[in-house]
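Each remark here refers to the structure printed beneath this line.
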Amino acid sequence: MMLRLFNTLTRKLENFTPINSPEVGFYSCGPTVYDYTHIGHLRKYTGDDVLRRVLEANDYEVKHVMNITDVGHLVSDEDTGEDKMEKGARESGRTVWEVAKFYEDYFWKSADPLNIKRPNIVAKATEHVEEQIKLIKKLEKNGFTYQTDQAIYFDISKFPNYTRLSGQKLEEKETGVRGNVVVDKQKKNPYDFALWFFTVGHFEDHTMRWTSPWGEGFPGWHIECSAMSMEYLGDSFDIHTGGIDHIPVHHTNEIAQSEAASGKPFVKYWVHHNFLIVDGEKMSKSKKNFYRIDEITQKGFDPLALRYLFLTAHYRDKLNFTWESLQAAQNALNNLREIIRDWEEPKVGCAEFEKNFMEAVNNDLNTPQALAIMWDMVKSDNPTSAKAKTLFQMDQILGLKLDEYVGKKLEIPEKVQKLVNQREQARKEGDFKKSDDLRHEIKKLGYEVQDTPNGPKVLH
Ligand code: AMP
Ligand code: ZN
């Protein structure tokens with residue numbers, strides 16, 4: 001079966017046919033580096049990673065570009081409020097550049113342990129100001145801009161069918177203009193968005209500033225993604241991804257800017273990831289209801305258990321994060337590892353399972369189904385060498401690093417074994433508090449104890 005993806009632009013499942021096969025141009029919106037990456041972000045980046053791996057498994061040559069937003073993203077996604085970077089710097093007493101570097105490093109420190117492949121090109125907004133100015137000039141020449149004392153705006157009334165990505169009527173635009181924020185009174189339409197802000201008025205003290213043909217200032221947030229994606233992937237390219245929050249504003253604006261400049265269709269397939277939520281609410285920096293990768297590992301979880309948890313939900317569905325669900329994912333991963341440690345080295349694979357697995361992921365990245373097929377295969381009575389071969393292939397997409405476990409018998413460190421014995425003793429004596437504490441200590445060392453009728457079993 002050929003790869004099918006749900007395209008936000010058409011609201012349909014479509015067969016995936018790249019513009020210039022076998023090459024695939026793939027752009028994903030990256031982090032705004034003003035605060036810590038949380039596991040909500042990581043769900044999105046894992047989703048991008050799965051998509052990339054599925055494309056590669058279908059023999060496409062993927063060129064993956066991701067931006068780092070280090071200027072211009074205001075506190076609201078619209079043109080109001082403070083620049084997130086400048087706010088981050090003010091609150092932490094560091095320079096904007098230090099803030100960007102620190103949080104970019106933290107982003108990679110969070111993403112790498114989830115076995116998320118790094119993009120082929122990582123593009124920073126501050127290193128592409130020239131390209132952004134060039135694009136604004138093009139828009140100006142094509143008659144899509146106007147200037148006020150505060151900014152250069154994109155005039156959305158000049159762009160037909162501006163809201164086609166969200167399918168919303170303009171009046172219904174989700175993140176509408178709120179009453180209590182600074183608005184530019186010279187703006188023609190409240191939904192016109194800034195391409196270039198002048199360092200005047202409430203941006204007078206903005207530290208990041210560049211000269212431009214229109215005056216000193218800094219680029220708006222949306223223009224960076226248009227400029228950098230077209231710079232590296234051409235005016236028209238195959239796939240653009242982001243979180244669903246980007247549909248009504250950021251990606252809507254990207255389409256307007258890019259197509260108004262080039263006169264060509266911008267992106268063929270728009271893929272949007274649903275949120276990781278906590279207690280029914282989006283996990284987000286601004287709500288401060290987020291967990292970071294450090295908290296996951298400090299509690300003794302393996303970052304790949306988090307990846308496993310993400311795979312259990314379809315990317316277009318919400319996923320509610322709970323510690324219980326993470327524990328269940330960790331248990332599943334441990335059990336899988338335990339089973340495959342006894343396997344022989346890979347030989348011929350299990351063709352039927354491989355086919356079914358590819359069909360699942362090619363069906364709009366159905367990872368929950370893919371996991372179920374993987375488990376059916378693991379539990380099937382095929383020879384373990386065949387299962388190992390198939391598992392390696394599946395793991396090209398799952399990304400759970402299972403090759404580190406197949407056929408590798410577990411050697412339990414003496415320290416862990418000692419704790420396990422002590423725990424068993426405590427259990428026999430009915431000291432369940434002590435036995436629980438010991439289990440926790442064992443977990444901190446990266447091991448799990450499972451009580452079975454034949455005594456305690458140690459997993460890693
Ligand atoms: P930001 O750094 O806040 O600009 O977000 C980077 C990306 O992560 C965007 O594509 C967001 O849509 C996405 N994102 C933010 N919060 C979540 C969440 N709770 N679950 C899934 N994706 C998220
Ligand atoms: Zn973007």
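Quick note on naming: the chains in the structure tokens go A, B, ... in the order shown, residues restart at 1 in each chain, and ligands are numbered from 1 in order of appearance.
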
Legend entry - Residue contacts of Ile68 in chain A (10 Å, only C-alpha atoms) excluding same-chain residues fewer than 6 positions away, as a ChimeraX atom specification: /A:29-33,100,104,122-127,224-225

Once you have the residues from the selection above, write them out as a CSV table (one decimal), in the first residue's frame, restricted to C-alpha atoms.
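And here is the file that came out, result-v2.csv:
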chain,number,residue,atom,x,y,z
A,29,CYS,CA,8.3,24.2,12.8
A,30,GLY,CA,10.9,24.0,15.6
A,31,PRO,CA,11.2,25.4,19.1
A,32,THR,CA,11.0,28.9,20.3
A,33,VAL,CA,14.0,28.9,22.5
A,100,ALA,CA,18.6,31.2,23.1
A,104,GLU,CA,18.5,25.3,22.3
A,122,VAL,CA,18.7,23.4,11.4
A,123,ALA,CA,18.0,27.0,10.6
A,124,LYS,CA,18.1,29.8,13.1
A,125,ALA,CA,15.9,32.8,12.5
A,126,THR,CA,18.6,35.3,13.6
A,127,GLU,CA,21.0,33.8,11.0
A,224,GLU,CA,11.1,33.3,9.2
A,225,CYS,CA,9.4,29.9,8.4

Closest atom pairs, chain A residues within 8 Å of ligand 2, only C-alpha atoms and all ligand atoms, as JSON lines:
{"residue": "A:Ser28", "atom": "CA", "partner": "ligand 2", "partner_atom_place_in_ligand_line": "1 (Zn)", "distance": 7.0}
{"residue": "A:Cys29", "atom": "CA", "partner": "ligand 2", "partner_atom_place_in_ligand_line": "1 (Zn)", "distance": 4.0}
{"residue": "A:Gly30", "atom": "CA", "partner": "ligand 2", "partner_atom_place_in_ligand_line": "1 (Zn)", "distance": 6.6}
{"residue": "A:Asn67", "atom": "CA", "partner": "ligand 2", "partner_atom_place_in_ligand_line": "1 (Zn)", "distance": 7.1}
{"residue": "A:Trp221", "atom": "CA", "partner": "ligand 2", "partner_atom_place_in_ligand_line": "1 (Zn)", "distance": 7.8}
{"residue": "A:His222", "atom": "CA", "partner": "ligand 2", "partner_atom_place_in_ligand_line": "1 (Zn)", "distance": 6.4}
{"residue": "A:Glu224", "atom": "CA", "partner": "ligand 2", "partner_atom_place_in_ligand_line": "1 (Zn)", "distance": 7.3}
{"residue": "A:Cys225", "atom": "CA", "partner": "ligand 2", "partner_atom_place_in_ligand_line": "1 (Zn)", "distance": 4.7}
{"residue": "A:Ser226", "atom": "CA", "partner": "ligand 2", "partner_atom_place_in_ligand_line": "1 (Zn)", "distance": 7.7}
{"residue": "A:Gly242", "atom": "CA", "partner": "ligand 2", "partner_atom_place_in_ligand_line": "1 (Zn)", "distance": 7.3}
{"residue": "A:His246", "atom": "CA", "partner": "ligand 2", "partner_atom_place_in_ligand_line": "1 (Zn)", "distance": 7.9}
{"residue": "A:His250", "atom": "CA", "partner": "ligand 2", "partner_atom_place_in_ligand_line": "1 (Zn)", "distance": 6.5}
{"residue": "A:His251", "atom": "CA", "partner": "ligand 2", "partner_atom_place_in_ligand_line": "1 (Zn)", "distance": 6.9}
{"residue": "A:Glu254", "atom": "CA", "partner": "ligand 2", "partner_atom_place_in_ligand_line": "1 (Zn)", "distance": 7.7}

How would the residues just picked look written out with all heavy atoms as a compact mmCIF listing (two decimals), in the first residue's frame?
# COMPACT_ATOMS: atom_id res chain seq x y z
N SER A 28 9.65 21.24 9.32
CA SER A 28 8.84 21.21 10.54
C SER A 28 9.16 22.43 11.40
O SER A 28 10.32 22.81 11.52
CB SER A 28 9.07 19.92 11.33
OG SER A 28 10.43 19.67 11.49
N CYS A 29 8.12 23.02 11.94
CA CYS A 29 8.31 24.17 12.80
C CYS A 29 9.00 23.72 14.08
O CYS A 29 8.57 22.78 14.73
CB CYS A 29 6.98 24.83 13.13
SG CYS A 29 6.36 25.79 11.77
N GLY A 30 10.05 24.42 14.41
CA GLY A 30 10.87 24.02 15.56
C GLY A 30 10.57 24.84 16.80
O GLY A 30 9.59 25.58 16.86
N ASN A 67 13.39 24.89 11.84
CA ASN A 67 13.86 26.21 12.29
C ASN A 67 14.04 26.24 13.80
O ASN A 67 13.45 25.43 14.53
CB ASN A 67 12.85 27.28 11.89
CG ASN A 67 11.54 27.09 12.62
OD1 ASN A 67 10.92 26.05 12.53
ND2 ASN A 67 11.14 28.09 13.38
N TRP A 221 7.39 36.78 13.48
CA TRP A 221 7.67 35.35 13.66
C TRP A 221 7.38 34.54 12.39
O TRP A 221 8.16 33.69 11.97
CB TRP A 221 6.82 34.83 14.83
CG TRP A 221 6.79 33.35 14.98
CD1 TRP A 221 7.85 32.47 14.82
CD2 TRP A 221 5.67 32.55 15.36
NE1 TRP A 221 7.44 31.19 15.08
CE2 TRP A 221 6.11 31.21 15.40
CE3 TRP A 221 4.33 32.83 15.67
CZ2 TRP A 221 5.25 30.15 15.74
CZ3 TRP A 221 3.49 31.77 16.01
CH2 TRP A 221 3.95 30.47 16.04
N HIS A 222 6.24 34.84 11.74
CA HIS A 222 5.80 33.98 10.63
C HIS A 222 6.74 34.01 9.43
O HIS A 222 6.95 33.01 8.79
CB HIS A 222 4.39 34.38 10.19
CG HIS A 222 3.48 34.63 11.34
ND1 HIS A 222 3.12 33.61 12.20
CD2 HIS A 222 2.89 35.76 11.81
CE1 HIS A 222 2.33 34.12 13.14
NE2 HIS A 222 2.19 35.41 12.93
N GLU A 224 9.86 34.10 9.19
CA GLU A 224 11.07 33.26 9.23
C GLU A 224 10.82 31.89 8.60
O GLU A 224 11.65 31.37 7.87
CB GLU A 224 11.59 33.10 10.67
CG GLU A 224 10.81 32.11 11.48
CD GLU A 224 11.37 31.88 12.88
OE1 GLU A 224 11.24 32.76 13.74
OE2 GLU A 224 11.93 30.80 13.09
N CYS A 225 9.66 31.31 8.90
CA CYS A 225 9.41 29.95 8.40
C CYS A 225 9.21 29.95 6.88
O CYS A 225 9.67 29.05 6.19
CB CYS A 225 8.23 29.31 9.11
SG CYS A 225 8.68 28.74 10.76
N SER A 226 8.56 30.99 6.36
CA SER A 226 8.43 31.08 4.90
C SER A 226 9.80 31.25 4.27
O SER A 226 10.15 30.58 3.30
CB SER A 226 7.56 32.28 4.52
OG SER A 226 6.22 32.01 4.80
N GLY A 242 3.54 20.74 12.04
CA GLY A 242 3.50 21.61 13.21
C GLY A 242 2.42 21.11 14.14
O GLY A 242 1.71 20.14 13.82
N HIS A 246 -0.93 25.71 15.31
CA HIS A 246 -0.36 26.56 14.26
C HIS A 246 -1.26 26.72 13.05
O HIS A 246 -0.96 27.51 12.16
CB HIS A 246 1.00 26.01 13.83
CG HIS A 246 2.05 26.27 14.86
ND1 HIS A 246 3.26 25.62 14.87
CD2 HIS A 246 2.05 27.10 15.92
CE1 HIS A 246 3.96 26.05 15.90
NE2 HIS A 246 3.25 26.94 16.55
N HIS A 250 -0.20 30.83 12.50
CA HIS A 250 1.16 30.75 11.97
C HIS A 250 1.20 30.13 10.57
O HIS A 250 1.78 30.71 9.65
CB HIS A 250 2.01 29.95 12.95
CG HIS A 250 3.45 29.85 12.58
ND1 HIS A 250 4.20 30.94 12.21
CD2 HIS A 250 4.28 28.77 12.48
CE1 HIS A 250 5.43 30.55 11.94
NE2 HIS A 250 5.50 29.23 12.08
N HIS A 251 0.58 28.99 10.39
CA HIS A 251 0.66 28.34 9.07
C HIS A 251 -0.23 29.04 8.04
O HIS A 251 0.09 29.08 6.86
CB HIS A 251 0.33 26.86 9.21
CG HIS A 251 1.40 26.11 9.93
ND1 HIS A 251 1.24 24.84 10.42
CD2 HIS A 251 2.68 26.46 10.24
CE1 HIS A 251 2.36 24.45 11.00
NE2 HIS A 251 3.25 25.42 10.92
N GLU A 254 1.93 31.75 6.95
CA GLU A 254 3.03 31.26 6.10
C GLU A 254 2.56 31.06 4.66
O GLU A 254 3.26 31.41 3.71
CB GLU A 254 3.54 29.91 6.63
CG GLU A 254 4.59 30.03 7.71
CD GLU A 254 5.21 28.66 7.99
OE1 GLU A 254 5.64 27.97 7.04
OE2 GLU A 254 5.25 28.27 9.17

Legend entry - Close residues to ligand 1 using only C-alpha atoms and all ligand atoms, limit 8 Å, as JSON, numbers by chain: {"A": [28, 29, 30, 31, 32, 33, 37, 38, 39, 40, 41, 42, 43, 44, 45, 69, 241, 242, 243, 244, 245, 246, 273, 274, 275, 276, 277, 282, 283, 284, 285]}

Could you dump the residues just selected with N, CA, C and O atoms as a compact mmCIF listing (two decimals), in the first residue's frame?
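Result file is out-v3.txt:
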# COMPACT_ATOMS: atom_id res chain seq x y z
N SER A 28 9.65 21.24 9.32
CA SER A 28 8.84 21.21 10.54
C SER A 28 9.16 22.43 11.40
O SER A 28 10.32 22.81 11.52
N CYS A 29 8.12 23.02 11.94
CA CYS A 29 8.31 24.17 12.80
C CYS A 29 9.00 23.72 14.08
O CYS A 29 8.57 22.78 14.73
N GLY A 30 10.05 24.42 14.41
CA GLY A 30 10.87 24.02 15.56
C GLY A 30 10.57 24.84 16.80
O GLY A 30 9.59 25.58 16.86
N PRO A 31 11.44 24.72 17.79
CA PRO A 31 11.16 25.35 19.09
C PRO A 31 11.43 26.85 19.11
O PRO A 31 12.29 27.35 18.39
N THR A 32 10.67 27.54 19.94
CA THR A 32 11.00 28.92 20.29
C THR A 32 11.84 28.82 21.56
O THR A 32 11.35 28.34 22.58
N VAL A 33 13.10 29.23 21.45
CA VAL A 33 14.05 28.89 22.52
C VAL A 33 14.11 29.96 23.61
O VAL A 33 15.13 30.62 23.79
N THR A 37 12.17 23.02 26.95
CA THR A 37 11.40 22.07 26.17
C THR A 37 10.68 21.14 27.15
O THR A 37 11.29 20.68 28.12
N HIS A 38 9.38 20.90 26.91
CA HIS A 38 8.67 19.97 27.78
C HIS A 38 8.22 18.75 26.98
O HIS A 38 8.41 18.70 25.76
N ILE A 39 7.63 17.80 27.67
CA ILE A 39 7.32 16.54 26.98
C ILE A 39 6.16 16.70 25.99
O ILE A 39 5.98 15.87 25.12
N GLY A 40 5.39 17.80 26.11
CA GLY A 40 4.38 18.11 25.09
C GLY A 40 5.06 18.38 23.75
O GLY A 40 4.67 17.84 22.71
N HIS A 41 6.11 19.20 23.79
CA HIS A 41 6.88 19.44 22.56
C HIS A 41 7.42 18.12 22.03
O HIS A 41 7.40 17.86 20.83
N LEU A 42 7.92 17.31 22.97
CA LEU A 42 8.58 16.08 22.53
C LEU A 42 7.60 15.15 21.82
O LEU A 42 7.99 14.39 20.94
N ARG A 43 6.33 15.23 22.18
CA ARG A 43 5.36 14.41 21.45
C ARG A 43 5.34 14.85 19.99
O ARG A 43 5.32 14.04 19.08
N LYS A 44 5.35 16.15 19.77
CA LYS A 44 5.32 16.67 18.39
C LYS A 44 6.57 16.28 17.62
O LYS A 44 6.50 15.83 16.47
N TYR A 45 7.72 16.40 18.26
CA TYR A 45 8.96 16.08 17.54
C TYR A 45 9.08 14.57 17.31
O TYR A 45 9.65 14.15 16.30
N THR A 69 13.38 29.22 16.45
CA THR A 69 12.89 30.60 16.57
C THR A 69 13.62 31.29 17.71
O THR A 69 13.40 30.96 18.88
N THR A 241 5.00 20.42 8.72
CA THR A 241 4.32 19.94 9.93
C THR A 241 4.35 21.00 11.03
O THR A 241 5.11 21.96 10.97
N GLY A 242 3.54 20.74 12.04
CA GLY A 242 3.50 21.61 13.21
C GLY A 242 2.42 21.11 14.14
O GLY A 242 1.71 20.14 13.82
N GLY A 243 2.28 21.76 15.28
CA GLY A 243 1.19 21.41 16.19
C GLY A 243 -0.11 22.00 15.65
O GLY A 243 -0.09 22.95 14.87
N ILE A 244 -1.25 21.46 16.10
CA ILE A 244 -2.53 21.94 15.58
C ILE A 244 -2.77 23.43 15.92
O ILE A 244 -3.54 24.09 15.25
N ASP A 245 -2.09 23.91 16.95
CA ASP A 245 -2.26 25.33 17.30
C ASP A 245 -1.74 26.26 16.20
O ASP A 245 -2.06 27.43 16.17
N HIS A 246 -0.93 25.71 15.31
CA HIS A 246 -0.36 26.56 14.26
C HIS A 246 -1.26 26.72 13.05
O HIS A 246 -0.96 27.51 12.16
N HIS A 273 0.03 17.81 14.28
CA HIS A 273 0.04 16.91 15.44
C HIS A 273 -0.87 17.43 16.53
O HIS A 273 -0.85 18.62 16.84
N ASN A 274 -1.61 16.51 17.12
CA ASN A 274 -2.46 16.91 18.25
C ASN A 274 -1.62 17.01 19.53
O ASN A 274 -0.47 16.60 19.56
N PHE A 275 -2.23 17.52 20.58
CA PHE A 275 -1.49 17.86 21.79
C PHE A 275 -1.32 16.71 22.77
O PHE A 275 -2.13 15.79 22.81
N LEU A 276 -0.31 16.88 23.58
CA LEU A 276 -0.21 16.12 24.81
C LEU A 276 -0.91 16.98 25.86
O LEU A 276 -0.63 18.17 25.97
N ILE A 277 -1.82 16.38 26.59
CA ILE A 277 -2.55 17.17 27.56
C ILE A 277 -2.34 16.62 28.99
O ILE A 277 -1.92 15.48 29.16
N LYS A 282 -4.03 21.54 27.53
CA LYS A 282 -2.78 21.45 26.77
C LYS A 282 -1.60 21.68 27.71
O LYS A 282 -1.62 22.59 28.53
N MET A 283 -0.60 20.80 27.59
CA MET A 283 0.61 21.02 28.36
C MET A 283 1.34 22.19 27.71
O MET A 283 1.62 22.16 26.52
N SER A 284 1.58 23.25 28.46
CA SER A 284 2.23 24.38 27.80
C SER A 284 3.08 25.19 28.76
O SER A 284 2.89 25.17 29.97
N LYS A 285 4.01 25.89 28.13
CA LYS A 285 4.93 26.72 28.90
C LYS A 285 4.15 27.78 29.66
O LYS A 285 4.40 28.02 30.83

Legend entry - Secondary structure check, alpha helix (DSSP H) residues of range 234-369 of chain A, as a VMD selection string: chain A and resid 252 to 262 293 to 298 303 to 311 323 to 341 351 to 362 367 to 369

Inset, instruction - Figure out the distance between CA of Ala332 in chain A and CA of Asp59 in chain A, please, to one decimal in Å. - result: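 Between CA of Asp59 in chain A and CA of Ala332 in chain A the gap is 29.8 Å.
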
Inset, instruction - Name all residues at most 8 Å from Glu14 in chain A (count only C-alpha atoms; drop same-chain ones fewer than 3 positions away) and give them as a PyMOL selection string. - result: chain A and resi 4-7

Pick out the residues sitting within 6 Å of range 346-360 of chain A, and hand them over as an mmCIF file with C-alpha atoms, in the first residue's frame; count only C-alpha atoms, and ignore anything fewer than 6 positions along from it in its own chain.
data_model
loop_
_atom_site.group_PDB
_atom_site.id
_atom_site.type_symbol
_atom_site.label_atom_id
_atom_site.label_comp_id
_atom_site.auth_asym_id
_atom_site.auth_seq_id
_atom_site.Cartn_x
_atom_site.Cartn_y
_atom_site.Cartn_z
ATOM 1 C CA MET A 1 0.000 0.000 0.000
ATOM 2 C CA ASN A 366 -1.186 4.456 12.474
ATOM 3 C CA ALA A 370 1.716 -0.831 14.211
ATOM 4 C CA SER A 385 15.864 -15.393 14.404
ATOM 5 C CA ALA A 386 13.117 -14.524 11.905
ATOM 6 C CA ALA A 388 14.507 -10.584 15.244
ATOM 7 C CA LYS A 389 14.969 -9.668 11.582
ATOM 8 C CA THR A 390 11.416 -8.354 11.363
#

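Taking only C-alpha atoms, the non-local environment of Ala151 in chain A within 9 Å (same-chain residues fewer than 5 positions away omitted) comprises Tyr146, Asp184, Ala194, Leu195, Trp196, Phe197, Phe198, Thr199 and Gly217 of chain A.
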
Mind writing the picked residues with all heavy atoms as an mmCIF file, in the first residue's frame?
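part11.cif, written as the output of this step:
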data_model
loop_
_atom_site.group_PDB
_atom_site.id
_atom_site.type_symbol
_atom_site.label_atom_id
_atom_site.label_comp_id
_atom_site.auth_asym_id
_atom_site.auth_seq_id
_atom_site.Cartn_x
_atom_site.Cartn_y
_atom_site.Cartn_z
ATOM 1 N N TYR A 146 1.921 47.048 3.612
ATOM 2 C CA TYR A 146 1.817 48.487 3.885
ATOM 3 C C TYR A 146 2.555 48.778 5.174
ATOM 4 O O TYR A 146 2.860 47.863 5.959
ATOM 5 C CB TYR A 146 0.353 48.948 3.937
ATOM 6 C CG TYR A 146 -0.468 48.386 5.067
ATOM 7 C CD1 TYR A 146 -0.564 49.032 6.305
ATOM 8 C CD2 TYR A 146 -1.173 47.188 4.906
ATOM 9 C CE1 TYR A 146 -1.329 48.506 7.339
ATOM 10 C CE2 TYR A 146 -1.936 46.666 5.934
ATOM 11 C CZ TYR A 146 -2.007 47.322 7.149
ATOM 12 O OH TYR A 146 -2.758 46.798 8.171
ATOM 13 N N ASP A 184 -1.890 48.311 17.132
ATOM 14 C CA ASP A 184 -1.454 49.388 16.261
ATOM 15 C C ASP A 184 -2.697 49.997 15.608
ATOM 16 O O ASP A 184 -3.365 49.343 14.805
ATOM 17 C CB ASP A 184 -0.502 48.780 15.214
ATOM 18 C CG ASP A 184 0.071 49.834 14.299
ATOM 19 O OD1 ASP A 184 -0.448 50.970 14.297
ATOM 20 O OD2 ASP A 184 1.039 49.504 13.586
ATOM 21 N N ALA A 194 2.300 41.348 11.156
ATOM 22 C CA ALA A 194 3.557 42.076 10.957
ATOM 23 C C ALA A 194 4.617 41.206 10.283
ATOM 24 O O ALA A 194 4.803 40.044 10.650
ATOM 25 C CB ALA A 194 4.071 42.585 12.286
ATOM 26 N N LEU A 195 5.279 41.801 9.316
ATOM 27 C CA LEU A 195 6.419 41.153 8.671
ATOM 28 C C LEU A 195 7.708 41.674 9.289
ATOM 29 O O LEU A 195 8.689 40.965 9.412
ATOM 30 C CB LEU A 195 6.404 41.461 7.169
ATOM 31 C CG LEU A 195 5.133 41.026 6.429
ATOM 32 C CD1 LEU A 195 5.049 41.683 5.059
ATOM 33 C CD2 LEU A 195 5.109 39.508 6.293
ATOM 34 N N TRP A 196 7.662 42.947 9.666
ATOM 35 C CA TRP A 196 8.844 43.605 10.227
ATOM 36 C C TRP A 196 8.390 44.609 11.282
ATOM 37 O O TRP A 196 7.521 45.435 11.006
ATOM 38 C CB TRP A 196 9.616 44.335 9.100
ATOM 39 C CG TRP A 196 10.915 44.899 9.566
ATOM 40 C CD1 TRP A 196 11.150 46.172 9.992
ATOM 41 C CD2 TRP A 196 12.159 44.209 9.657
ATOM 42 N NE1 TRP A 196 12.460 46.309 10.364
ATOM 43 C CE2 TRP A 196 13.110 45.114 10.150
ATOM 44 C CE3 TRP A 196 12.559 42.886 9.367
ATOM 45 C CZ2 TRP A 196 14.447 44.754 10.367
ATOM 46 C CZ3 TRP A 196 13.897 42.534 9.575
ATOM 47 C CH2 TRP A 196 14.813 43.463 10.063
ATOM 48 N N PHE A 197 8.936 44.482 12.493
ATOM 49 C CA PHE A 197 8.610 45.441 13.553
ATOM 50 C C PHE A 197 9.717 46.484 13.636
ATOM 51 O O PHE A 197 10.900 46.126 13.601
ATOM 52 C CB PHE A 197 8.558 44.739 14.925
ATOM 53 C CG PHE A 197 7.395 43.811 15.103
ATOM 54 C CD1 PHE A 197 7.566 42.437 15.019
ATOM 55 C CD2 PHE A 197 6.125 44.304 15.390
ATOM 56 C CE1 PHE A 197 6.503 41.567 15.205
ATOM 57 C CE2 PHE A 197 5.051 43.443 15.586
ATOM 58 C CZ PHE A 197 5.241 42.077 15.491
ATOM 59 N N PHE A 198 9.331 47.738 13.790
ATOM 60 C CA PHE A 198 10.338 48.776 14.036
ATOM 61 C C PHE A 198 10.634 48.830 15.532
ATOM 62 O O PHE A 198 9.738 48.591 16.356
ATOM 63 C CB PHE A 198 9.834 50.144 13.557
ATOM 64 C CG PHE A 198 9.589 50.167 12.078
ATOM 65 C CD1 PHE A 198 8.323 50.416 11.566
ATOM 66 C CD2 PHE A 198 10.643 49.908 11.192
ATOM 67 C CE1 PHE A 198 8.097 50.423 10.198
ATOM 68 C CE2 PHE A 198 10.417 49.918 9.819
ATOM 69 C CZ PHE A 198 9.147 50.166 9.321
ATOM 70 N N THR A 199 11.874 49.150 15.852
ATOM 71 C CA THR A 199 12.233 49.227 17.280
ATOM 72 C C THR A 199 11.828 50.608 17.817
ATOM 73 O O THR A 199 12.663 51.434 18.170
ATOM 74 C CB THR A 199 13.738 48.942 17.478
ATOM 75 O OG1 THR A 199 14.458 49.409 16.326
ATOM 76 C CG2 THR A 199 13.997 47.484 17.659
ATOM 77 N N GLY A 217 14.915 47.347 13.015
ATOM 78 C CA GLY A 217 13.862 46.572 13.654
ATOM 79 C C GLY A 217 14.180 45.091 13.668
ATOM 80 O O GLY A 217 15.347 44.698 13.646
#

Legend entry - Test item, strand (DSSP E) assignment across range 134-289 of chain A, answer as an NGL selection string: :A and (145-147 or 151-154 or 193-198 or 217-219 or 237-243 or 267-273 or 276-278 or 281-282)

May I have the residues within 8 Å of His64 in chain A as a PDB file with N, CA and C atoms, in the first residue's frame, using only C-alpha atoms and disregarding those fewer than 3 positions away in the same chain?
ATOM      1  N   GLY A  25      10.832  17.088   0.259  1.00  0.00           N
ATOM      2  CA  GLY A  25      11.159  18.282   1.038  1.00  0.00           C
ATOM      3  C   GLY A  25      10.232  18.331   2.249  1.00  0.00           C
ATOM      4  N   PHE A  26      10.824  18.404   3.431  1.00  0.00           N
ATOM      5  CA  PHE A  26      10.062  18.249   4.676  1.00  0.00           C
ATOM      6  C   PHE A  26      10.485  19.363   5.631  1.00  0.00           C
ATOM      7  N   TYR A  27       9.548  20.229   5.987  1.00  0.00           N
ATOM      8  CA  TYR A  27       9.855  21.322   6.910  1.00  0.00           C
ATOM      9  C   TYR A  27       9.006  21.177   8.158  1.00  0.00           C
ATOM     10  N   SER A  28       9.645  21.241   9.322  1.00  0.00           N
ATOM     11  CA  SER A  28       8.843  21.213  10.543  1.00  0.00           C
ATOM     12  C   SER A  28       9.163  22.428  11.396  1.00  0.00           C
ATOM     13  N   ARG A  52       9.121  11.058   9.342  1.00  0.00           N
ATOM     14  CA  ARG A  52      10.367  11.001   8.565  1.00  0.00           C
ATOM     15  C   ARG A  52      10.824   9.563   8.367  1.00  0.00           C
ATOM     16  N   PRO A 119      17.295  16.945  12.296  1.00  0.00           N
ATOM     17  CA  PRO A 119      17.010  17.372  10.916  1.00  0.00           C
ATOM     18  C   PRO A 119      18.302  17.514  10.109  1.00  0.00           C
ATOM     19  N   ASN A 120      18.195  17.433   8.795  1.00  0.00           N
ATOM     20  CA  ASN A 120      19.382  17.608   7.956  1.00  0.00           C
ATOM     21  C   ASN A 120      19.877  19.048   8.020  1.00  0.00           C
ATOM     22  N   ILE A 121      18.923  19.973   8.144  1.00  0.00           N
ATOM     23  CA  ILE A 121      19.300  21.385   8.247  1.00  0.00           C
ATOM     24  C   ILE A 121      18.541  22.011   9.404  1.00  0.00           C
TER      25      ILE A 121
END

Legend entry - Counting only C-alpha atoms, the option among A:Gln425, A:Phe432, A:Val458, A:Pro453 closest to Glu411 in chain A: A:Val458
